[in-house]
>>> print(open('protein.cif').read())   # mmCIF, C-alpha atoms and all ligand atoms
data_data
#
loop_
_atom_site.label_atom_id
_atom_site.label_comp_id
_atom_site.auth_asym_id
_atom_site.auth_seq_id
_atom_site.Cartn_x
_atom_site.Cartn_y
_atom_site.Cartn_z
CA MET A 156 -6.55 -65.17 -117.23
CA SER A 157 -5.16 -68.55 -118.12
CA VAL A 158 -7.44 -70.94 -119.94
CA ILE A 159 -5.12 -73.94 -119.91
CA GLU A 160 -2.79 -74.77 -117.02
CA VAL A 161 -0.43 -77.71 -117.22
CA ARG A 162 1.78 -78.37 -114.19
CA ASN A 163 4.57 -80.92 -114.09
CA LEU A 164 2.89 -83.21 -116.58
CA ARG A 165 4.48 -86.63 -117.02
CA LYS A 166 3.37 -89.41 -119.35
CA GLN A 167 5.12 -92.66 -120.23
CA TYR A 168 4.18 -95.38 -122.69
CA GLY A 169 5.82 -98.48 -121.21
CA ASP A 170 9.49 -97.55 -120.90
CA GLN A 171 9.19 -94.66 -123.34
CA VAL A 172 8.99 -91.32 -121.59
CA ALA A 173 6.86 -89.20 -123.94
CA VAL A 174 6.45 -86.24 -121.58
CA ALA A 175 9.03 -85.93 -118.80
CA ASP A 176 8.00 -82.68 -117.12
CA VAL A 177 5.86 -80.13 -118.95
CA SER A 178 4.43 -77.00 -117.38
CA LEU A 179 2.75 -74.28 -119.39
CA SER A 180 -0.12 -71.88 -119.22
CA VAL A 181 -2.15 -70.53 -122.12
CA ASP A 182 -3.87 -67.17 -121.76
CA GLU A 183 -7.39 -66.40 -122.85
CA GLY A 184 -7.63 -65.24 -126.45
CA GLU A 185 -4.10 -66.06 -127.54
CA ILE A 186 -2.84 -68.30 -130.31
CA PHE A 187 -0.34 -70.53 -128.57
CA GLY A 188 1.96 -72.79 -130.55
CA LEU A 189 3.79 -75.94 -129.58
CA VAL A 190 6.92 -76.51 -131.64
CA GLY A 191 9.85 -78.90 -131.42
CA PRO A 192 11.33 -81.99 -133.02
CA ASN A 193 9.51 -85.24 -133.88
CA GLY A 194 8.87 -87.29 -130.77
CA ALA A 195 9.31 -84.33 -128.41
CA GLY A 196 5.98 -84.98 -126.68
CA LYS A 197 3.79 -82.26 -128.23
CA THR A 198 0.90 -84.49 -129.27
CA THR A 199 0.97 -86.42 -125.99
CA THR A 200 0.78 -83.11 -124.13
CA VAL A 201 -2.22 -81.89 -126.11
CA GLU A 202 -3.90 -85.31 -125.78
CA CYS A 203 -3.62 -84.97 -121.99
CA VAL A 204 -5.16 -81.49 -122.25
CA GLU A 205 -7.98 -82.93 -124.38
CA GLY A 206 -8.62 -85.67 -121.81
CA LEU A 207 -7.77 -88.38 -124.33
CA ARG A 208 -4.86 -89.62 -122.20
CA THR A 209 -4.44 -89.91 -118.46
CA PRO A 210 -1.28 -88.28 -117.12
CA ASP A 211 0.99 -90.43 -114.96
CA SER A 212 1.48 -87.40 -112.76
CA GLY A 213 1.02 -83.65 -112.77
CA THR A 214 -2.13 -81.61 -113.24
CA VAL A 215 -4.05 -80.33 -116.24
CA ARG A 216 -6.82 -77.75 -116.05
CA VAL A 217 -8.91 -76.45 -118.94
CA LEU A 218 -11.10 -73.47 -117.97
CA GLY A 219 -10.54 -74.61 -114.39
CA LEU A 220 -11.80 -78.14 -115.12
CA ASP A 221 -10.01 -81.47 -115.04
CA PRO A 222 -10.33 -82.95 -118.55
CA ARG A 223 -10.57 -86.51 -117.21
CA ARG A 224 -12.85 -85.96 -114.23
CA ASP A 225 -15.03 -83.28 -115.83
CA ARG A 226 -14.97 -84.88 -119.26
CA ALA A 227 -18.47 -83.96 -120.41
CA ALA A 228 -18.13 -80.30 -119.41
CA VAL A 229 -14.71 -79.96 -121.03
CA ARG A 230 -15.94 -81.58 -124.26
CA GLN A 231 -18.59 -78.87 -124.63
CA LYS A 232 -15.95 -76.15 -124.48
CA LEU A 233 -13.09 -77.69 -126.38
CA GLY A 234 -12.78 -78.09 -130.14
CA ILE A 235 -10.39 -80.80 -131.23
CA GLN A 236 -9.00 -81.31 -134.72
CA LEU A 237 -9.61 -84.98 -135.43
CA GLN A 238 -7.25 -87.35 -137.13
CA GLU A 239 -8.77 -88.27 -140.49
CA SER A 240 -9.20 -91.97 -139.75
CA GLN A 241 -11.81 -91.09 -137.15
CA LEU A 242 -14.47 -90.36 -139.80
CA PRO A 243 -16.34 -93.09 -141.70
CA ASP A 244 -15.52 -93.30 -145.42
CA GLN A 245 -19.11 -92.91 -146.60
CA ILE A 246 -20.12 -89.87 -144.56
CA LYS A 247 -20.75 -86.78 -146.68
CA VAL A 248 -19.18 -83.41 -145.86
CA TRP A 249 -22.48 -81.77 -144.93
CA GLU A 250 -23.58 -84.81 -142.93
CA ALA A 251 -20.41 -84.77 -140.83
CA LEU A 252 -20.83 -81.06 -140.10
CA ASP A 253 -24.54 -81.44 -139.34
CA LEU A 254 -23.89 -84.45 -137.10
CA TYR A 255 -21.06 -82.84 -135.14
CA SER A 256 -22.95 -79.60 -134.65
CA SER A 257 -25.80 -81.63 -133.09
CA PHE A 258 -23.46 -82.65 -130.24
CA TYR A 259 -23.20 -79.09 -128.93
CA PRO A 260 -25.70 -76.80 -127.17
CA HIS A 261 -24.69 -73.64 -129.08
CA PRO A 262 -23.08 -74.71 -132.34
CA ALA A 263 -21.72 -72.41 -135.01
CA ASP A 264 -23.58 -72.16 -138.31
CA TRP A 265 -21.99 -75.14 -140.08
CA ARG A 266 -22.98 -73.87 -143.53
CA GLU A 267 -21.00 -70.70 -142.90
CA LEU A 268 -17.98 -72.66 -141.70
CA MET A 269 -18.23 -74.97 -144.71
CA ASP A 270 -18.15 -71.90 -146.89
CA GLU A 271 -15.25 -70.24 -145.03
CA LEU A 272 -13.20 -73.39 -145.48
CA GLY A 273 -14.00 -73.65 -149.19
CA LEU A 274 -15.88 -76.92 -148.77
CA THR A 275 -19.27 -75.88 -150.16
CA PRO A 276 -18.57 -77.29 -153.65
CA LYS A 277 -17.71 -80.61 -151.96
CA ARG A 278 -20.66 -80.69 -149.58
CA LYS A 279 -22.17 -83.83 -151.14
CA SER A 280 -18.86 -85.69 -151.52
CA VAL A 281 -18.18 -88.65 -149.28
CA PHE A 282 -15.18 -88.42 -146.98
CA ALA A 283 -13.23 -91.17 -148.78
CA LYS A 284 -13.30 -89.21 -152.04
CA LEU A 285 -11.93 -85.94 -150.62
CA SER A 286 -8.34 -84.90 -151.33
CA GLY A 287 -5.88 -84.74 -148.42
CA GLY A 288 -6.26 -80.97 -148.17
CA GLN A 289 -10.06 -81.17 -148.26
CA LYS A 290 -10.03 -83.77 -145.46
CA GLN A 291 -7.77 -81.46 -143.50
CA ARG A 292 -10.13 -78.52 -144.01
CA LEU A 293 -13.06 -80.65 -142.90
CA SER A 294 -11.18 -81.62 -139.73
CA ILE A 295 -10.65 -77.91 -138.97
CA ALA A 296 -14.35 -77.17 -139.58
CA LEU A 297 -15.33 -80.00 -137.23
CA ALA A 298 -13.01 -78.62 -134.53
CA LEU A 299 -14.80 -75.27 -134.74
CA VAL A 300 -18.40 -76.33 -135.31
CA GLY A 301 -19.24 -76.57 -131.60
CA ASN A 302 -18.34 -72.89 -131.07
CA PRO A 303 -15.62 -73.88 -128.60
CA LYS A 304 -13.93 -71.61 -126.06
CA VAL A 305 -10.65 -73.38 -126.77
CA ALA A 306 -9.60 -74.99 -130.06
CA ILE A 307 -6.71 -77.44 -130.25
CA LEU A 308 -5.35 -77.90 -133.75
CA ASP A 309 -2.63 -80.52 -134.19
CA GLU A 310 -0.76 -80.03 -137.46
CA LEU A 311 -3.23 -77.41 -138.63
CA THR A 312 -2.10 -76.93 -142.22
CA THR A 313 -0.24 -80.15 -143.00
CA GLY A 314 -1.11 -81.16 -146.56
CA LEU A 315 -2.67 -77.84 -147.55
CA ASP A 316 -1.62 -75.89 -150.62
CA PRO A 317 -0.11 -72.40 -150.11
CA GLN A 318 -3.39 -70.54 -150.69
CA ALA A 319 -5.35 -72.87 -148.42
CA ARG A 320 -2.70 -72.44 -145.70
CA ARG A 321 -3.05 -68.67 -145.82
CA ASP A 322 -6.84 -68.91 -145.86
CA THR A 323 -6.66 -71.21 -142.84
CA TRP A 324 -4.42 -68.77 -140.94
CA GLU A 325 -6.94 -66.04 -141.68
CA LEU A 326 -9.74 -68.24 -140.41
CA VAL A 327 -7.82 -69.04 -137.21
CA ARG A 328 -7.26 -65.31 -136.65
CA HIS A 329 -10.98 -64.67 -137.10
CA VAL A 330 -11.76 -67.43 -134.64
CA ARG A 331 -9.33 -65.91 -132.15
CA ASP A 332 -10.85 -62.48 -132.71
CA ARG A 333 -14.19 -63.98 -131.67
CA GLY A 334 -12.57 -64.77 -128.30
CA VAL A 335 -11.54 -68.37 -128.86
CA THR A 336 -8.19 -69.44 -127.42
CA VAL A 337 -6.24 -71.48 -129.96
CA VAL A 338 -3.50 -74.02 -129.30
CA LEU A 339 -1.71 -75.37 -132.30
CA VAL A 340 1.03 -77.89 -132.90
CA THR A 341 3.12 -77.13 -135.93
CA HIS A 342 6.36 -77.92 -137.72
CA PHE A 343 5.99 -74.92 -140.03
CA MET A 344 8.16 -72.02 -138.95
CA ASP A 345 6.31 -69.48 -141.08
CA GLU A 346 3.06 -70.56 -139.45
CA ALA A 347 4.56 -70.38 -135.96
CA GLU A 348 6.03 -66.96 -136.64
CA ARG A 349 3.08 -65.32 -138.37
CA LEU A 350 0.19 -66.88 -136.55
CA CYS A 351 1.25 -67.56 -132.96
CA ASP A 352 1.32 -64.96 -130.20
CA ARG A 353 3.56 -67.20 -128.09
CA LEU A 354 5.40 -70.45 -128.62
CA ALA A 355 6.41 -73.24 -126.26
CA VAL A 356 9.51 -74.99 -127.55
CA VAL A 357 9.36 -78.64 -126.52
CA ALA A 358 12.27 -81.06 -126.63
CA ALA A 359 12.63 -84.54 -125.12
CA GLY A 360 9.45 -84.18 -123.09
CA ARG A 361 10.28 -80.80 -121.55
CA VAL A 362 9.51 -77.16 -122.30
CA VAL A 363 12.84 -75.49 -123.04
CA ALA A 364 11.50 -72.00 -123.79
CA VAL A 365 8.21 -70.06 -123.90
CA ASP A 366 8.15 -66.67 -125.58
CA THR A 367 6.88 -64.65 -128.51
CA PRO A 368 8.38 -65.64 -131.87
CA ARG A 369 10.04 -62.23 -132.02
CA ASN A 370 11.75 -62.64 -128.64
CA LEU A 371 12.88 -66.18 -129.45
CA ILE A 372 14.53 -64.87 -132.60
CA ALA A 373 16.03 -61.87 -130.79
CA GLY A 374 17.46 -64.12 -128.08
CA ALA A 375 19.00 -66.66 -130.47
CA ARG A 376 22.77 -66.97 -130.40
CA VAL A 377 23.85 -69.09 -133.32
CA PRO A 378 27.60 -69.20 -134.06
CA GLY A 379 28.35 -67.94 -137.56
CA VAL A 380 24.78 -66.75 -138.22
CA GLU A 381 24.35 -63.01 -138.15
CA ARG A 382 20.55 -62.85 -138.48
CA PRO A 383 19.07 -66.03 -137.05
CA THR A 384 15.61 -67.11 -138.20
CA LEU A 385 12.97 -68.65 -135.95
CA GLU A 386 14.09 -72.05 -137.24
CA ASP A 387 17.70 -71.28 -136.20
CA ALA A 388 16.46 -70.17 -132.79
CA ILE A 389 14.38 -73.29 -132.22
CA LEU A 390 17.03 -75.65 -133.55
CA SER A 391 19.63 -74.13 -131.26
CA LEU A 392 17.27 -74.61 -128.29
CA THR A 393 16.39 -78.20 -129.15
CA SER A 394 19.43 -79.66 -130.93
CA ALA A 395 21.01 -81.41 -127.96
CA ARG A 396 17.73 -82.82 -126.70
CA SER A 397 16.00 -84.74 -129.47
CA ASN A 398 13.81 -87.69 -128.33
CA ARG A 399 13.82 -89.53 -131.63
N1 LIG B 1 0.61 -94.65 -128.25
C1 LIG B 1 1.94 -94.66 -128.06
N2 LIG B 1 2.56 -95.78 -127.62
C2 LIG B 1 3.90 -95.79 -127.41
N3 LIG B 1 4.70 -94.72 -127.60
C3 LIG B 1 4.14 -93.60 -128.04
C4 LIG B 1 2.73 -93.50 -128.30
N4 LIG B 1 2.45 -92.24 -128.72
C5 LIG B 1 3.64 -91.60 -128.74
N5 LIG B 1 4.64 -92.40 -128.33
C6 LIG B 1 6.06 -92.03 -128.18
O1 LIG B 1 6.13 -90.93 -127.30
C7 LIG B 1 7.07 -89.97 -127.75
C8 LIG B 1 6.39 -88.62 -127.93
O2 LIG B 1 5.45 -88.73 -129.00
P1 LIG B 1 4.50 -87.52 -129.44
O3 LIG B 1 3.63 -88.04 -130.52
O4 LIG B 1 3.86 -86.95 -128.23
O5 LIG B 1 5.58 -86.49 -130.00
P2 LIG B 1 5.38 -85.23 -130.98
O6 LIG B 1 6.23 -84.15 -130.41
O7 LIG B 1 3.94 -84.95 -131.17
O8 LIG B 1 6.02 -85.77 -132.32
P3 LIG B 1 5.73 -85.43 -133.89
O9 LIG B 1 6.26 -84.06 -134.12
O10 LIG B 1 6.54 -86.46 -134.59
O11 LIG B 1 4.25 -85.57 -134.12
C9 LIG B 1 7.67 -90.54 -129.03
O12 LIG B 1 8.91 -91.16 -128.71
C10 LIG B 1 6.66 -91.55 -129.50
O13 LIG B 1 7.29 -92.60 -130.18
#
>>> encode(input="protein.cif", output="structure tokens")
Amino acid sequence: MSVIEVRNLRKQYGDQVAVADVSLSVDEGEIFGLVGPNGAGKTTTVECVEGLRTPDSGTVRVLGLDPRRDRAAVRQKLGIQLQESQLPDQIKVWEALDLYSSFYPHPADWRELMDELGLTPKRKSVFAKLSGGQKQRLSIALALVGNPKVAILDELTTGLDPQARRDTWELVRHVRDRGVTVVLVTHFMDEAERLCDRLAVVAAGRVVAVDTPRNLIAGARVPGVERPTLEDAILSLTSARSNR
């Protein structure tokens, strides 16, 4: 069953076409990655799925609901990784988790999440005093605290140290194993390859390929490269189409 359906999505900012024509469907219980160059339209696509932006045309459905029209219902079922500037400087880690969990009818145990993300020693620290990686981990915890059916994680492990990245992958796998569908936007090829069941390769506002990392690598034809990596495969799919 597909949990997210995007059909012929188009979104422009003034003259800038951010998303030209994106169609994709995300199955229940998978970890689905969006990859592609800067400016390809990945974040705009997920913002339309989250209901934060109104498409110019096309349709978006999340669990059969329209994220703009059925905003309240979608919000209960969707966990979104926030950009850091959306939290007040003086809020403490535990207060943010406690507050966000109060927005949902069946929240996760925020103390457990705080622990899983290694934030317990920082529970009384204010947001402004957290390191970049700690802020990032808090944003992941806040995306998961409502016990969502679908979690959308934009730049999941940006700014995390190698151990924290691996711990975060493990956490995302656990979340998926609990039945949550995960969509993530990433520039890290190791993350895309090890964590994602399927990838949509986006370039210049269009999906140029959707497949498992393994099949993308197997299908890559790169002149002069005998054993292409996922990065080679994606670069060869996107090189002529950058939006930057
Ligand atoms: N609020 C905005 N106003 C105007 N243009 C925007 C806005 N947001 C994004 N864009 C433009 O739309 C295009 C797609 O941007 P988007 O952020 O969706 O790409 P992305 O694939 O997420 O890129 P990145 O990998 O760099 O995060 C870019 O050319 C960007 O400059």
>>> residues_near_ligand(input="protein.cif", ligand="ligand LIG 1 (chain B)", cutoff="10 Å", atoms="all atoms listed in the file", output="VMD selection string")
chain A and resid 166 to 175 189 to 203 208 309 to 310 340 to 342 357 to 360 397 to 399
>>> closest_residue(input="protein.cif", among="A:Val363, A:Val181, A:Val335, A:Leu390", to="A:Val215", atoms="all atoms listed in the file")
A:Val181
>>> closest_atom_pairs(input="protein.cif", of="stretch 237-273 of chain A", to="stretch 277-292 of chain A", cutoff="8 Å", atoms="all atoms listed in the file", output="CSV")
residue,atom,partner,partner_atom,distance
A:Glu239,CA,A:Lys290,CA,6.8
A:Leu242,CA,A:Phe282,CA,7.5
A:Pro243,CA,A:Phe282,CA,7.1
A:Asp244,CA,A:Ala283,CA,4.6
A:Gln245,CA,A:Val281,CA,5.1
A:Ile246,CA,A:Val281,CA,5.2
A:Lys247,CA,A:Val281,CA,4.1
A:Val248,CA,A:Arg278,CA,4.8
A:Trp249,CA,A:Arg278,CA,5.1
A:Met269,CA,A:Arg278,CA,7.9
A:Leu272,CA,A:Arg292,CA,6.2
>>> write_last_selection(input="protein.cif", atoms="C-alpha atoms", output="PDB file, in the frame of the given file")
ATOM      1  CA  GLU A 239      -8.770 -88.270-140.490  1.00  0.00           C
ATOM      2  CA  LEU A 242     -14.470 -90.360-139.800  1.00  0.00           C
ATOM      3  CA  PRO A 243     -16.340 -93.090-141.700  1.00  0.00           C
ATOM      4  CA  ASP A 244     -15.520 -93.300-145.420  1.00  0.00           C
ATOM      5  CA  GLN A 245     -19.110 -92.910-146.600  1.00  0.00           C
ATOM      6  CA  ILE A 246     -20.120 -89.870-144.560  1.00  0.00           C
ATOM      7  CA  LYS A 247     -20.750 -86.780-146.680  1.00  0.00           C
ATOM      8  CA  VAL A 248     -19.180 -83.410-145.860  1.00  0.00           C
ATOM      9  CA  TRP A 249     -22.480 -81.770-144.930  1.00  0.00           C
ATOM     10  CA  MET A 269     -18.230 -74.970-144.710  1.00  0.00           C
ATOM     11  CA  LEU A 272     -13.200 -73.390-145.480  1.00  0.00           C
TER      12      LEU A 272
END
>>> residues_near_point(input="protein.cif", point="(-11.8, -72.5, -144.7)", cutoff="10 Å", atoms="all atoms listed in the file", output="compact mmCIF listing (two decimals) with C-alpha atoms, keeping the file's coordinate frame")
# COMPACT_ATOMS: atom_id res chain seq x y z
CA GLU A 267 -21.00 -70.70 -142.90
CA LEU A 268 -17.98 -72.66 -141.70
CA MET A 269 -18.23 -74.97 -144.71
CA ASP A 270 -18.15 -71.90 -146.89
CA GLU A 271 -15.25 -70.24 -145.03
CA LEU A 272 -13.20 -73.39 -145.48
CA GLY A 273 -14.00 -73.65 -149.19
CA LEU A 274 -15.88 -76.92 -148.77
CA THR A 275 -19.27 -75.88 -150.16
CA GLN A 289 -10.06 -81.17 -148.26
CA GLN A 291 -7.77 -81.46 -143.50
CA ARG A 292 -10.13 -78.52 -144.01
CA LEU A 293 -13.06 -80.65 -142.90
CA ILE A 295 -10.65 -77.91 -138.97
CA ALA A 296 -14.35 -77.17 -139.58
CA ALA A 319 -5.35 -72.87 -148.42
CA ARG A 320 -2.70 -72.44 -145.70
CA ARG A 321 -3.05 -68.67 -145.82
CA ASP A 322 -6.84 -68.91 -145.86
CA THR A 323 -6.66 -71.21 -142.84
CA TRP A 324 -4.42 -68.77 -140.94
CA GLU A 325 -6.94 -66.04 -141.68
CA LEU A 326 -9.74 -68.24 -140.41
CA VAL A 327 -7.82 -69.04 -137.21
>>> residues_around(input="protein.cif", residues="stretch 230-235 of chain A", least_positions_apart="6", cutoff="9 Å", atoms="all atoms listed in the file", output="PyMOL selection string")
chain A and resi 205-206+217-218+222+258-260+294-295+297-309
>>> atom_distance(input="protein.cif", atom1="atom CA of A:Gly213", atom2="atom CA of A:Pro368")
27.3 Å
>>> atom_distance(input="protein.cif", atom1="atom CA of A:Asp352", atom2="atom CA of A:Ser391")
20.5 Å
>>> atom_distance(input="protein.cif", atom1="atom CA of A:Arg333", atom2="atom CA of A:Trp265")
16.0 Å
>>> build_atoms(input="protein.cif", residues="stretch 296-314 of chain A", atoms="N, CA and C atoms", output="compact mmCIF listing (two decimals), keeping the file's coordinate frame")
# COMPACT_ATOMS: atom_id res chain seq x y z
N ALA A 296 -12.94 -77.59 -139.74
CA ALA A 296 -14.35 -77.17 -139.58
C ALA A 296 -14.99 -77.93 -138.42
N LEU A 297 -14.71 -79.21 -138.30
CA LEU A 297 -15.33 -80.00 -137.23
C LEU A 297 -14.81 -79.58 -135.85
N ALA A 298 -13.55 -79.11 -135.81
CA ALA A 298 -13.01 -78.62 -134.53
C ALA A 298 -13.70 -77.34 -134.09
N LEU A 299 -14.25 -76.59 -135.06
CA LEU A 299 -14.80 -75.27 -134.74
C LEU A 299 -16.33 -75.26 -134.68
N VAL A 300 -16.95 -76.35 -135.13
CA VAL A 300 -18.40 -76.33 -135.31
C VAL A 300 -19.17 -76.23 -133.99
N GLY A 301 -18.55 -76.65 -132.89
CA GLY A 301 -19.24 -76.57 -131.60
C GLY A 301 -19.12 -75.20 -130.94
N ASN A 302 -18.55 -74.22 -131.65
CA ASN A 302 -18.34 -72.89 -131.07
C ASN A 302 -17.53 -72.99 -129.79
N PRO A 303 -16.35 -73.62 -129.84
CA PRO A 303 -15.62 -73.88 -128.60
C PRO A 303 -15.01 -72.61 -128.00
N LYS A 304 -14.68 -72.69 -126.72
CA LYS A 304 -13.93 -71.61 -126.06
C LYS A 304 -12.44 -71.79 -126.33
N VAL A 305 -12.05 -73.05 -126.52
CA VAL A 305 -10.65 -73.38 -126.77
C VAL A 305 -10.61 -74.35 -127.95
N ALA A 306 -9.74 -74.06 -128.93
CA ALA A 306 -9.60 -74.99 -130.06
C ALA A 306 -8.17 -75.52 -130.09
N ILE A 307 -8.04 -76.83 -130.20
CA ILE A 307 -6.71 -77.44 -130.25
C ILE A 307 -6.51 -78.05 -131.63
N LEU A 308 -5.54 -77.54 -132.34
CA LEU A 308 -5.35 -77.90 -133.75
C LEU A 308 -3.96 -78.51 -133.90
N ASP A 309 -3.92 -79.81 -134.10
CA ASP A 309 -2.63 -80.52 -134.19
C ASP A 309 -2.28 -80.65 -135.66
N GLU A 310 -1.19 -80.02 -136.07
CA GLU A 310 -0.76 -80.03 -137.46
C GLU A 310 -1.83 -79.41 -138.37
N LEU A 311 -2.17 -78.19 -138.00
CA LEU A 311 -3.23 -77.41 -138.63
C LEU A 311 -3.23 -77.44 -140.16
N THR A 312 -2.09 -77.13 -140.76
CA THR A 312 -2.10 -76.93 -142.22
C THR A 312 -1.28 -77.98 -142.97
N THR A 313 -0.97 -79.09 -142.31
CA THR A 313 -0.24 -80.15 -143.00
C THR A 313 -1.05 -80.62 -144.21
N GLY A 314 -0.42 -80.66 -145.36
CA GLY A 314 -1.11 -81.16 -146.56
C GLY A 314 -1.91 -80.11 -147.31
